[in-house]
file query33.txt (compact mmCIF, C-alpha atoms and all ligand atoms)
# COMPACT_ATOMS: atom_id res chain seq x y z
CA MET A 582 72.60 186.46 105.70
CA SER A 583 74.41 183.28 104.72
CA ILE A 584 74.95 181.12 101.68
CA VAL A 585 74.51 177.41 101.10
CA GLY A 586 76.57 176.35 98.09
CA ILE A 587 75.65 173.15 96.28
CA ALA A 588 78.87 171.73 94.77
CA PHE A 589 77.91 169.18 92.13
CA THR A 590 81.59 168.38 91.43
CA PRO A 591 84.67 168.88 93.64
CA ALA A 592 85.87 171.74 91.37
CA ASP A 593 82.68 173.74 92.17
CA ALA A 594 83.86 174.42 95.73
CA THR A 595 86.44 177.04 94.73
CA GLY A 596 83.85 178.80 92.54
CA ILE A 597 81.41 178.92 95.47
CA GLN A 598 84.21 180.23 97.72
CA ALA A 599 84.85 183.05 95.19
CA PHE A 600 81.12 183.86 94.89
CA ALA A 601 80.67 184.00 98.69
CA ALA A 602 83.74 186.26 99.00
CA ALA A 603 82.28 188.64 96.38
CA LEU A 604 79.12 188.94 98.50
CA GLY A 605 81.15 189.08 101.73
CA MET A 606 79.09 186.30 103.28
CA PRO A 607 79.92 183.05 105.11
CA PHE A 608 78.87 179.82 103.45
CA ARG A 609 78.18 176.17 104.07
CA LEU A 610 78.91 173.66 101.32
CA VAL A 611 76.95 170.61 100.24
CA GLN A 612 79.29 168.38 98.20
CA ILE A 613 77.33 166.00 95.98
CA THR A 614 80.02 164.00 94.15
CA GLY A 615 83.66 163.20 94.89
CA ASP A 616 85.85 164.21 97.79
CA PRO A 617 85.16 167.65 99.28
CA ASN A 618 87.74 170.43 99.05
CA THR A 619 88.26 171.07 102.75
CA SER A 620 90.33 174.23 102.22
CA CYS A 621 87.59 176.20 100.46
CA GLY A 622 86.79 178.21 103.59
CA ALA A 623 83.28 176.79 104.14
CA GLN A 624 81.97 176.97 107.71
CA GLN A 625 80.79 173.40 107.33
CA ILE A 626 80.85 170.80 104.57
CA LEU A 627 78.14 168.19 104.15
CA SER A 628 79.49 165.51 101.85
CA ALA A 629 77.35 162.94 100.05
CA GLY A 630 80.45 161.38 98.41
CA LEU A 631 78.53 160.05 95.39
CA GLU A 632 80.15 158.98 92.12
CA ASP A 633 77.49 160.55 89.89
CA ILE A 634 74.97 163.35 90.27
CA PRO A 635 71.68 161.65 91.22
CA PRO A 636 68.28 162.41 89.61
CA ALA A 637 66.88 165.79 90.67
CA ASP A 638 63.80 164.54 92.55
CA GLY A 639 65.58 162.65 95.37
CA LEU A 640 68.36 165.23 95.51
CA VAL A 641 65.96 168.16 95.93
CA SER A 642 63.98 166.49 98.69
CA SER A 643 67.27 165.86 100.52
CA LEU A 644 68.47 169.44 100.00
CA GLU A 645 65.22 171.01 101.27
CA GLY A 646 66.21 170.36 104.88
CA VAL A 647 69.81 171.55 104.72
CA VAL A 648 69.12 174.83 102.95
CA GLN A 649 66.69 176.04 105.63
CA GLY A 650 67.70 179.46 107.00
CA ALA A 651 70.04 180.34 104.11
CA SER A 652 69.47 183.68 102.38
CA HIS A 653 71.14 182.42 99.18
CA ILE A 654 71.31 178.91 97.73
CA VAL A 655 73.89 178.91 94.96
CA ALA A 656 75.59 176.60 92.46
CA VAL A 657 78.01 176.87 89.56
CA SER A 658 76.04 177.03 86.26
CA SER A 659 75.82 173.68 84.48
CA MET A 660 73.12 171.55 82.88
CA ALA A 661 72.82 169.50 86.08
CA SER A 662 72.75 172.48 88.43
CA LYS A 663 70.08 174.31 86.43
CA ASP A 664 67.90 171.19 86.51
CA VAL A 665 68.25 170.69 90.26
CA MET A 666 68.22 174.37 91.31
CA ALA A 667 65.11 175.17 89.25
CA ARG A 668 63.29 172.30 90.94
CA LEU A 669 64.55 173.45 94.35
CA ALA A 670 63.36 177.05 93.69
CA GLY A 671 59.96 175.64 92.72
CA VAL A 672 59.71 173.56 95.90
CA LEU A 673 60.79 176.54 98.07
CA ASP A 674 58.51 178.87 96.05
CA CYS A 675 61.23 181.50 95.65
CA ALA A 676 63.00 183.47 92.94
CA MET A 677 65.71 181.95 90.76
CA VAL A 678 68.36 183.80 88.79
CA THR A 679 70.61 181.90 86.35
CA ASP A 680 74.09 182.51 84.91
CA VAL A 681 75.02 185.37 87.23
CA VAL A 682 78.34 186.97 86.23
CA SER A 683 78.57 189.65 88.93
CA ALA A 684 76.75 190.91 92.01
CA ASP A 685 75.95 194.61 92.57
CA SER A 686 74.40 193.84 95.98
CA PRO A 687 73.16 190.72 97.79
CA SER A 688 69.95 190.84 95.74
CA THR A 689 71.02 192.59 92.51
CA PHE A 690 72.87 190.59 89.90
CA LYS A 691 74.15 190.92 86.35
CA ARG A 692 73.61 188.15 83.81
CA PRO A 693 74.17 187.89 80.04
CA ILE A 694 71.18 187.67 77.69
CA VAL A 695 70.68 187.49 73.88
CA ALA A 696 73.64 185.16 73.38
CA GLY A 697 75.86 187.34 75.54
CA THR A 698 75.40 190.50 73.48
CA LEU A 699 73.55 192.28 76.33
CA VAL A 700 73.97 192.19 80.09
CA GLU A 701 70.83 192.63 82.19
CA THR A 702 70.64 193.68 85.81
CA VAL A 703 68.03 191.79 87.84
CA GLU A 704 66.81 192.31 91.37
CA ALA A 705 65.48 189.25 93.18
CA SER A 706 62.87 189.94 95.83
CA GLY A 707 61.97 187.70 98.77
CA ALA A 708 64.07 185.00 100.37
CA PRO A 709 65.79 182.73 99.87
CA ILE A 710 67.31 183.53 96.49
CA VAL A 711 68.27 180.49 94.41
CA LEU A 712 70.88 181.20 91.77
CA THR A 713 73.46 179.73 89.45
CA PHE A 714 76.58 181.68 88.52
CA ARG A 715 79.46 181.51 86.07
CA PRO A 716 82.66 181.17 88.09
CA ALA A 717 84.77 183.07 85.54
CA GLY A 718 83.07 186.27 86.77
CA PHE A 719 84.36 185.85 90.33
CA THR A 720 87.98 186.13 91.48
CA LYS A 721 89.41 182.87 92.83
CA ARG A 722 90.51 182.95 96.49
CA PRO A 723 93.53 181.27 98.08
CA PRO A 724 92.99 178.08 100.14
CA GLU A 725 91.59 178.75 103.61
CA ARG A 726 91.43 176.90 106.92
CA ALA A 727 90.18 173.31 106.92
CA SER A 728 86.43 172.95 107.29
CA GLU A 729 84.57 170.40 109.35
CA VAL A 730 83.13 167.62 107.14
CA GLU A 731 79.96 165.68 107.94
CA SER A 732 78.36 163.01 105.84
CA PHE A 733 75.07 163.70 104.11
CA SER A 734 72.70 161.14 102.67
CA ILE A 735 70.52 161.62 99.63
CA SER A 736 66.93 160.31 99.61
CA PRO A 737 66.22 157.59 97.08
CA SER A 738 64.90 158.87 93.78
CA LYS A 739 61.63 157.85 92.17
CA VAL A 740 63.59 157.76 88.92
CA ARG A 741 65.70 154.66 88.34
CA VAL A 742 68.88 155.10 86.32
CA THR A 743 69.19 152.00 84.14
CA GLN A 744 72.45 152.93 82.43
CA ALA A 745 74.99 155.72 82.80
CA ALA A 746 77.38 156.24 79.92
CA HIS A 747 80.47 158.39 80.31
CA LYS A 748 81.29 159.66 76.85
CA SER A 749 84.12 162.05 77.64
CA GLY A 750 86.70 159.26 77.22
CA GLY A 751 88.40 160.20 80.48
CA ARG A 752 88.85 163.86 79.47
CA PRO A 753 88.03 166.66 81.90
CA ASP A 754 84.51 168.09 82.04
CA LEU A 755 84.09 170.64 79.24
CA THR A 756 82.61 173.29 81.52
CA GLN A 757 85.39 172.97 84.12
CA ALA A 758 88.46 172.28 81.93
CA SER A 759 91.34 174.75 81.93
CA VAL A 760 92.13 173.84 78.30
CA VAL A 761 89.47 173.26 75.61
CA VAL A 762 90.22 172.31 72.01
CA SER A 763 87.20 172.71 69.71
CA GLY A 764 86.63 171.81 66.10
CA GLY A 765 84.11 172.84 63.48
CA ARG A 766 82.53 171.70 60.23
CA PRO A 767 85.80 170.93 58.32
CA LEU A 768 86.58 168.01 60.64
CA LYS A 769 84.62 165.78 58.17
CA ASP A 770 83.65 162.79 60.35
CA ARG A 771 83.80 161.36 63.89
CA GLU A 772 87.06 159.51 63.38
CA THR A 773 88.83 162.60 62.03
CA PHE A 774 87.38 164.77 64.82
CA GLU A 775 88.50 162.29 67.47
CA SER A 776 92.01 161.88 66.11
CA VAL A 777 92.68 165.57 65.30
CA ILE A 778 90.70 167.52 67.96
CA GLY A 779 90.61 164.74 70.58
CA GLY A 780 94.31 164.07 69.96
CA LEU A 781 95.35 167.68 70.63
CA ALA A 782 93.00 167.85 73.65
CA ASP A 783 94.73 164.75 75.08
CA THR A 784 98.19 166.17 74.37
CA LEU A 785 97.25 169.29 76.36
CA GLY A 786 95.30 167.44 79.06
CA GLY A 787 92.15 169.29 78.03
CA ALA A 788 88.56 168.72 76.95
CA ALA A 789 87.25 168.49 73.38
CA GLY A 790 84.45 170.77 72.16
CA ALA A 791 82.60 171.35 68.90
CA THR A 792 80.43 173.80 67.00
CA ARG A 793 76.78 173.16 66.34
CA ALA A 794 77.61 172.68 62.65
CA ALA A 795 79.97 169.86 63.62
CA VAL A 796 77.36 168.33 65.94
CA ASP A 797 74.53 168.65 63.40
CA SER A 798 76.69 166.98 60.73
CA GLY A 799 77.35 164.02 63.04
CA ILE A 800 81.05 164.88 63.31
CA ALA A 801 80.98 165.37 67.09
CA PRO A 802 78.63 164.11 69.82
CA ASN A 803 75.86 166.40 71.02
CA GLU A 804 77.28 166.86 74.53
CA LEU A 805 80.39 168.52 73.10
CA GLN A 806 78.49 171.46 71.59
CA VAL A 807 79.77 174.81 72.83
CA GLY A 808 77.78 178.01 72.45
CA GLN A 809 74.44 179.70 72.91
CA THR A 810 72.51 176.44 72.71
CA GLY A 811 75.37 174.29 73.98
CA LYS A 812 77.74 174.53 76.90
CA ILE A 813 79.33 177.70 78.26
CA VAL A 814 83.06 177.27 78.79
CA ALA A 815 85.62 179.51 80.51
CA PRO A 816 89.03 177.83 80.18
CA ASP A 817 92.44 179.48 80.47
CA LEU A 818 93.09 178.40 76.88
CA TYR A 819 90.46 177.87 74.14
CA ILE A 820 91.72 176.59 70.79
CA ALA A 821 89.20 176.97 67.95
CA ALA A 822 90.21 174.92 64.90
CA GLY A 823 88.21 175.28 61.68
CA ILE A 824 85.59 177.45 63.39
CA SER A 825 84.25 180.55 61.64
CA GLY A 826 83.32 182.43 64.84
CA SER A 827 79.53 182.80 64.66
CA THR A 828 77.82 184.94 67.32
CA GLN A 829 76.15 181.80 68.67
CA HIS A 830 79.47 179.98 69.11
CA MET A 831 81.20 183.04 70.59
CA ALA A 832 78.42 183.32 73.22
CA GLY A 833 79.77 180.14 74.78
CA ILE A 834 83.47 181.01 74.84
CA LYS A 835 83.80 184.71 75.56
CA ASP A 836 84.85 184.17 79.19
CA SER A 837 87.90 182.19 77.99
CA LYS A 838 91.15 183.82 79.12
CA CYS A 839 93.04 183.20 75.86
CA ILE A 840 91.41 182.30 72.52
CA VAL A 841 93.63 180.81 69.82
CA ALA A 842 92.10 180.46 66.35
CA ILE A 843 93.37 178.21 63.55
CA ASN A 844 91.57 178.95 60.29
CA LYS A 845 92.68 178.90 56.69
CA ASP A 846 90.55 181.94 55.83
CA PRO A 847 92.33 185.14 57.01
CA ASP A 848 88.98 186.97 56.94
CA ALA A 849 87.18 184.51 59.25
CA PRO A 850 85.30 186.46 61.99
CA ILE A 851 86.97 184.37 64.73
CA PHE A 852 90.19 186.33 64.13
CA GLU A 853 88.42 189.51 65.32
CA VAL A 854 88.07 188.08 68.82
CA ALA A 855 91.05 185.71 69.01
CA ASP A 856 94.03 186.64 71.17
CA LEU A 857 96.28 184.62 68.86
CA GLY A 858 95.50 183.66 65.28
CA LEU A 859 97.10 181.15 62.95
CA VAL A 860 96.10 181.34 59.28
CA ALA A 861 96.70 177.74 58.33
CA ASP A 862 95.13 174.46 57.33
CA LEU A 863 94.23 172.78 60.61
CA PHE A 864 95.16 169.35 59.21
CA GLU A 865 98.74 170.59 58.87
CA ALA A 866 98.88 172.93 61.88
CA ILE A 867 97.56 170.55 64.55
CA PRO A 868 99.96 167.66 63.80
CA ALA A 869 102.79 170.23 63.70
CA ILE A 870 101.76 171.61 67.12
CA ARG A 871 101.60 168.08 68.58
CA ASN A 872 104.99 167.36 67.06
CA LEU A 873 106.47 170.45 68.72
CA LEU A 874 104.98 169.32 72.03
CA GLY A 875 106.63 165.96 71.49
CA LYS A 876 103.39 163.92 71.14
C1 LIG B 901 69.37 179.63 67.18
C2 LIG B 901 70.76 179.18 66.83
C3 LIG B 901 71.56 178.67 67.85
C4 LIG B 901 72.86 178.26 67.54
N1 LIG B 901 73.64 177.77 68.57
C5 LIG B 901 74.93 177.45 68.30
C6 LIG B 901 75.79 177.00 69.34
O1 LIG B 901 75.40 176.84 70.51
N2 LIG B 901 77.07 176.72 69.02
C7 LIG B 901 77.57 176.84 67.75
O2 LIG B 901 78.76 176.58 67.53
N3 LIG B 901 76.77 177.26 66.74
C8 LIG B 901 75.46 177.53 66.99
N4 LIG B 901 74.66 177.91 65.96
C9 LIG B 901 75.16 177.79 64.57
C10 LIG B 901 76.02 178.97 64.14
O3 LIG B 901 75.21 179.98 63.62
C11 LIG B 901 77.03 178.55 63.04
O4 LIG B 901 76.33 177.99 61.96
C12 LIG B 901 78.06 177.52 63.50
O5 LIG B 901 78.65 177.96 64.71
C13 LIG B 901 79.15 177.39 62.42
O6 LIG B 901 79.99 176.32 62.77
P1 LIG B 901 81.45 176.19 62.13
O7 LIG B 901 82.24 177.37 62.53
O8 LIG B 901 81.93 174.83 62.50
O9 LIG B 901 81.17 176.13 60.56
P2 LIG B 901 81.41 177.19 59.41
O10 LIG B 901 80.70 178.45 59.72
O11 LIG B 901 81.09 176.48 58.15
O12 LIG B 901 82.96 177.51 59.47
C14 LIG B 901 83.98 176.61 59.17
C15 LIG B 901 85.29 177.38 59.21
O13 LIG B 901 86.34 176.47 59.00
C16 LIG B 901 87.32 177.08 58.16
N5 LIG B 901 88.05 175.97 57.50
C17 LIG B 901 87.61 175.12 56.54
N6 LIG B 901 88.53 174.19 56.27
C18 LIG B 901 89.59 174.44 57.09
C19 LIG B 901 90.85 173.82 57.28
N7 LIG B 901 91.20 172.72 56.60
N8 LIG B 901 91.70 174.37 58.19
C20 LIG B 901 91.37 175.48 58.89
N9 LIG B 901 90.18 176.10 58.75
C21 LIG B 901 89.30 175.59 57.87
C22 LIG B 901 86.54 177.94 57.21
O14 LIG B 901 87.36 179.00 56.72
C23 LIG B 901 85.42 178.45 58.13
O15 LIG B 901 85.77 179.69 58.72
C24 LIG B 901 73.36 178.33 66.22
C25 LIG B 901 72.53 178.85 65.21
C26 LIG B 901 71.26 179.27 65.52
C27 LIG B 901 70.40 179.83 64.42

call {"tool": "encode", "arguments": {"input": "query33.txt", "output": "structure tokens"}}
result
Amino acid sequence: MSIVGIAFTPADATGIQAFAAALGMPFRLVQITGDPNTSCGAQQILSAGLEDIPPADGLVSSLEGVVQGASHIVAVSSMASKDVMARLAGVLDCAMVTDVVSADSPSTFKRPIVAGTLVETVEASGAPIVLTFRPAGFTKRPPERASEVESFSISPSKVRVTQAAHKSGGRPDLTQASVVVSGGRPLKDRETFESVIGGLADTLGGAAGATRAAVDSGIAPNELQVGQTGKIVAPDLYIAAGISGSTQHMAGIKDSKCIVAINKDPDAPIFEVADLGLVADLFEAIPAIRNLLGK
């Protein structure tokens, strides 16, 4: 049995290394964007070296050849990976399991359901198994020997990208960031959100996130939504400012290592799950924190 890991971003390689170690299997890596991490312990790295993740159709037809013979084809969970991996599972006519958080055996996996309130155990039959996993569930491994890197070309897509807009303003990807600062409904408008939440995120070198209430009110852009119907994050530090702590929001942040809540209501539900809580007005607390940090 062997794994082919599809790394959509360079950071995915260490997640795939951890997943393969949990299953005790060797793996090959297909690196789609950026420079490959050659010390991830892969037996071989095929690197496409692209700047952006290409449309799923051309990518899947290119991947079909390189995944032949693998028992598992895996990727870190993200919007892009679910799009591509679902299409790949369809083309290969095999089972797909998403958002795996642990493996009981090479074919039995645990994954959260119902906004993370339940964990189901699923057994995938047949081969290969296509799956996406949440890296927070798998212990990171130290760097390993350098792997051989070969170039890999992606077939042209039938879809033409006419414009690609990067809206993160140079901040790290929300799903990969080690620090995430999120804001909720009290942030009032886009300018306030950007200066208060974006400002603290920049001070800490992190990503900015938002609740659905903030997104629905036009305070924050759609792609920043964290939660059950948004992105799943697992940073070392998650700062929730002016966020009540709804079940749907918590479903997206519960793998965070340390949750810090800033809320002026001492009875806000977020304090029940926060590791550190500050009962304060965020418009006073955040500038004070930035001041202490010297920015
Ligand atoms: C099917 C479904 C899916 C959903 N998916 C998601 C999802 O993916 N993500 C998500 O986030 N939500 C989701 N929601 C919405 C969710 O139920 C909540 O409505 C939402 O998370 C609340 O956002 P909020 O915390 O910003 O707002 P509120 O609940 O209004 O809370 C605002 C908080 O800010 C505090 N506050 C106010 N002013 C200040 C201040 N000056 N300083 C400090 N604190 C202050 C208040 O005390 C309050 O606790 C979903 C809902 C449904 C029904």

call {"tool": "closest_residue", "arguments": {"input": "query33.txt", "among": "A:Val641, A:Cys675, A:Ala855, A:Ile843", "to": "ligand LIG 901 (chain B)", "atoms": "only C-alpha atoms and all ligand atoms"}}
result
A:Ile843

call {"tool": "residues_near_point", "arguments": {"input": "query33.txt", "point": "(65.1, 160.3, 87.3)", "cutoff": "12 Å", "atoms": "all atoms listed in the file", "output": "list in words"}}
result
Ile634, Pro635, Pro636, Ala637, Asp638, Gly639, Leu640, Val641, Asp664, Val665, Pro737, Ser738, Lys739, Val740, Arg741, Val742, Thr743, Gln744 and Ala745 of chain A

call {"tool": "residues_near_ligand", "arguments": {"input": "query33.txt", "ligand": "ligand LIG 901 (chain B)", "cutoff": "7 Å", "atoms": "all atoms listed in the file", "output": "PyMOL selection string"}}
result
chain A and resi 764-767+791-795+806-811+822-830+833+843-846+849+861-864

call {"tool": "write_last_selection", "arguments": {"input": "query33.txt", "atoms": "C-alpha atoms", "output": "compact mmCIF listing (two decimals), in the frame of the given file"}}
result
# COMPACT_ATOMS: atom_id res chain seq x y z
CA GLY A 764 86.63 171.81 66.10
CA GLY A 765 84.11 172.84 63.48
CA ARG A 766 82.53 171.70 60.23
CA PRO A 767 85.80 170.93 58.32
CA ALA A 791 82.60 171.35 68.90
CA THR A 792 80.43 173.80 67.00
CA ARG A 793 76.78 173.16 66.34
CA ALA A 794 77.61 172.68 62.65
CA ALA A 795 79.97 169.86 63.62
CA GLN A 806 78.49 171.46 71.59
CA VAL A 807 79.77 174.81 72.83
CA GLY A 808 77.78 178.01 72.45
CA GLN A 809 74.44 179.70 72.91
CA THR A 810 72.51 176.44 72.71
CA GLY A 811 75.37 174.29 73.98
CA ALA A 822 90.21 174.92 64.90
CA GLY A 823 88.21 175.28 61.68
CA ILE A 824 85.59 177.45 63.39
CA SER A 825 84.25 180.55 61.64
CA GLY A 826 83.32 182.43 64.84
CA SER A 827 79.53 182.80 64.66
CA THR A 828 77.82 184.94 67.32
CA GLN A 829 76.15 181.80 68.67
CA HIS A 830 79.47 179.98 69.11
CA GLY A 833 79.77 180.14 74.78
CA ILE A 843 93.37 178.21 63.55
CA ASN A 844 91.57 178.95 60.29
CA LYS A 845 92.68 178.90 56.69
CA ASP A 846 90.55 181.94 55.83
CA ALA A 849 87.18 184.51 59.25
CA ALA A 861 96.70 177.74 58.33
CA ASP A 862 95.13 174.46 57.33
CA LEU A 863 94.23 172.78 60.61
CA PHE A 864 95.16 169.35 59.21

call {"tool": "atom_distance", "arguments": {"input": "query33.txt", "atom1": "atom CA of A:Ala661", "atom2": "atom CA of A:Ser628"}}
result
17.6 Å

call {"tool": "atom_distance", "arguments": {"input": "query33.txt", "atom1": "atom CA of A:Gly751", "atom2": "atom CA of A:Leu781"}}
result
14.2 Å

call {"tool": "closest_residue", "arguments": {"input": "query33.txt", "among": "A:Ser728, A:Thr619, A:Ser837, A:Thr698", "to": "A:Asp817", "atoms": "only C-alpha atoms"}}
result
A:Ser837

call {"tool": "residues_near_point", "arguments": {"input": "query33.txt", "point": "(80.6, 173.0, 99.0)", "cutoff": "8 Å", "atoms": "all atoms listed in the file", "output": "VMD selection string"}}
result
chain A and resid 585 to 588 591 593 to 594 597 609 to 612 617 to 618 621 623 626 to 627

call {"tool": "write_last_selection", "arguments": {"input": "query33.txt", "atoms": "C-alpha atoms", "output": "PDB file, in the coordinates of the input"}}
result
ATOM      1  CA  VAL A 585      74.510 177.410 101.100  1.00  0.00           C
ATOM      2  CA  GLY A 586      76.570 176.350  98.090  1.00  0.00           C
ATOM      3  CA  ILE A 587      75.650 173.150  96.280  1.00  0.00           C
ATOM      4  CA  ALA A 588      78.870 171.730  94.770  1.00  0.00           C
ATOM      5  CA  PRO A 591      84.670 168.880  93.640  1.00  0.00           C
ATOM      6  CA  ASP A 593      82.680 173.740  92.170  1.00  0.00           C
ATOM      7  CA  ALA A 594      83.860 174.420  95.730  1.00  0.00           C
ATOM      8  CA  ILE A 597      81.410 178.920  95.470  1.00  0.00           C
ATOM      9  CA  ARG A 609      78.180 176.170 104.070  1.00  0.00           C
ATOM     10  CA  LEU A 610      78.910 173.660 101.320  1.00  0.00           C
ATOM     11  CA  VAL A 611      76.950 170.610 100.240  1.00  0.00           C
ATOM     12  CA  GLN A 612      79.290 168.380  98.200  1.00  0.00           C
ATOM     13  CA  PRO A 617      85.160 167.650  99.280  1.00  0.00           C
ATOM     14  CA  ASN A 618      87.740 170.430  99.050  1.00  0.00           C
ATOM     15  CA  CYS A 621      87.590 176.200 100.460  1.00  0.00           C
ATOM     16  CA  ALA A 623      83.280 176.790 104.140  1.00  0.00           C
ATOM     17  CA  ILE A 626      80.850 170.800 104.570  1.00  0.00           C
ATOM     18  CA  LEU A 627      78.140 168.190 104.150  1.00  0.00           C
TER      19      LEU A 627
END

call {"tool": "closest_residue", "arguments": {"input": "query33.txt", "among": "A:Val655, A:Val678, A:Val711, A:Ala866", "to": "A:Pro693", "atoms": "all atoms listed in the file"}}
result
A:Val678
